[in-house]
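Beneath this line is the structure, given in C-alpha cells, with notes to follow.
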Amino acid sequence: MRAILAAVALVQALITGADCLLCEKCLASGTSQCSGIFKQCSPDVTHCIKGLENNTLGSDVILTAYKDCLDPSLVETCGRDSSSKTSFHSVAVTSICCDSDFCNRGDLQVPAVDENPNGYICEDCFSTQSADYCTPGREVQCTGEHNTCVRFTGTGSRPGEPVRQYIIRGCGSQDYCKYFHLVRTQVYSYDLQCSPAKTL
C-alpha cells in the first residue's frame, strides 16, 4: 500500500512539473513508529526529517514519532539531538535529516540513553506550582553529554495533557537553548536560559 502511495505522489510531482522534494509525513504519540502519506514539499524545502520526542515525567513516558518535510528555518538542528533532564523530568528530541525523495521512510530507532554521571552538576527543580516550590541548593548530577544548565519558566503542555505553568531547572545538552525545538510537547509564553554546568 505504501508503495502505491509513493507511486501516486511521484506521478503527481511529474504531472505538475514541480522539482520538489517528496517526504513521508506522519505524527503519532504513544508509539515509537509512525507511517503516513507521501507529501510534496514546498520549493524551499531541501530536507526530509524523521525522529522521536521523548517526554518523561517520573515513570510516565510519552513517545512521539514524526516524519515530515523539514522547515527550512530548522536546518541547523539536523543531526543535533536536544535533551534536558532533572531528577524527575526529562525531554529529548532526536532526528535524522536527509535530502532525497522518500528518504525518511522506514522504522525509527529509539536512541540509547547514557545515564553515566559526567562530573557536572546543575540546580535541580521541577514544579507546576511556582518557583517557591524549588528547594534552594538542590542539585542534580548531569549525565552523558549534558554539560549545560537549563532554566525554563513558562506555560506548556505534555502531549494529551492540559496547559500548566512549569518551573524547570536541570542539565541539558550543549547548545540546548540555541537548538531548542519540540515536536508534540507545546510551549507558549516562556523564558529559557542556558549557562555552563558546574563541575563536581
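Identifiers for the C-alpha cells are assigned positionally: chains receive A, B, ... in sequence, residues are indexed from 1 per chain, and ligands are indexed from 1 in the order shown.
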
Nearby residues (only C-alpha atoms) at most 6 Å from stretch 85-88 of chain A, same-chain spacing under 4 positions excluded, as a CSV table (one decimal) with N, CA, C and O atoms, in the first residue's frame:
chain,number,residue,atom,x,y,z
A,58,GLY,N,8.5,11.3,35.8
A,58,GLY,CA,8.5,10.2,36.7
A,58,GLY,C,8.6,8.9,35.9
A,58,GLY,O,9.6,8.7,35.2
A,124,ASP,N,18.5,21.7,40.5
A,124,ASP,CA,17.5,20.7,40.2
A,124,ASP,C,16.2,21.2,40.7
A,124,ASP,O,16.0,21.5,41.9
A,170,GLY,N,17.6,22.1,35.4
A,170,GLY,CA,18.3,20.8,35.3
A,170,GLY,C,19.5,20.9,34.3
A,170,GLY,O,19.9,22.0,34.0
A,171,CYS,N,19.9,19.8,33.9
A,171,CYS,CA,21.0,19.6,32.9
A,171,CYS,C,20.5,19.6,31.5
A,171,CYS,O,19.4,19.1,31.3

Sel. of strand (DSSP E or B) residues, stretch 16-85 of chain A, as an MDAnalysis selection string: chainID A and resid 22:29 37:40 48:57 60:69 82:85

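With distances taken over only C-alpha atoms, A:Leu70 is the one residue among A:Leu70, A:Cys20, A:Leu200, A:Cys142 lying closest to A:Cys97.
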
Can you tell me which residues surround A:Ala28 at a distance of at most 12 Å, considering only C-alpha atoms, apart from same-chain residues fewer than 5 positions away, and format the answer as a JSON list (two decimals) with C-alpha atoms, in the first residue's frame?
[["chain", "number", "residue", "atom", "x", "y", "z"],
["A", 33, "GLN", "CA", 6.78, 4.36, 14.98],
["A", 34, "CYS", "CA", 4.52, 6.11, 12.50],
["A", 35, "SER", "CA", 3.76, 5.90, 8.80],
["A", 36, "GLY", "CA", 1.66, 8.14, 6.64],
["A", 50, "LYS", "CA", 12.18, 11.78, 10.89],
["A", 51, "GLY", "CA", 12.64, 11.38, 14.61],
["A", 52, "LEU", "CA", 11.30, 10.89, 18.11],
["A", 53, "GLU", "CA", 10.35, 13.11, 21.03],
["A", 62, "ILE", "CA", 5.28, 9.71, 26.26],
["A", 63, "LEU", "CA", 6.97, 8.95, 22.96],
["A", 64, "THR", "CA", 6.03, 10.84, 19.80],
["A", 65, "ALA", "CA", 7.18, 9.65, 16.38],
["A", 66, "TYR", "CA", 7.24, 12.10, 13.49],
["A", 67, "LYS", "CA", 8.20, 12.39, 9.81],
["A", 159, "PRO", "CA", 1.09, 15.50, 24.72],
["A", 160, "GLY", "CA", -2.56, 14.95, 25.62],
["A", 183, "VAL", "CA", 7.57, 18.30, 18.31],
["A", 184, "ARG", "CA", 4.37, 17.40, 20.20]]
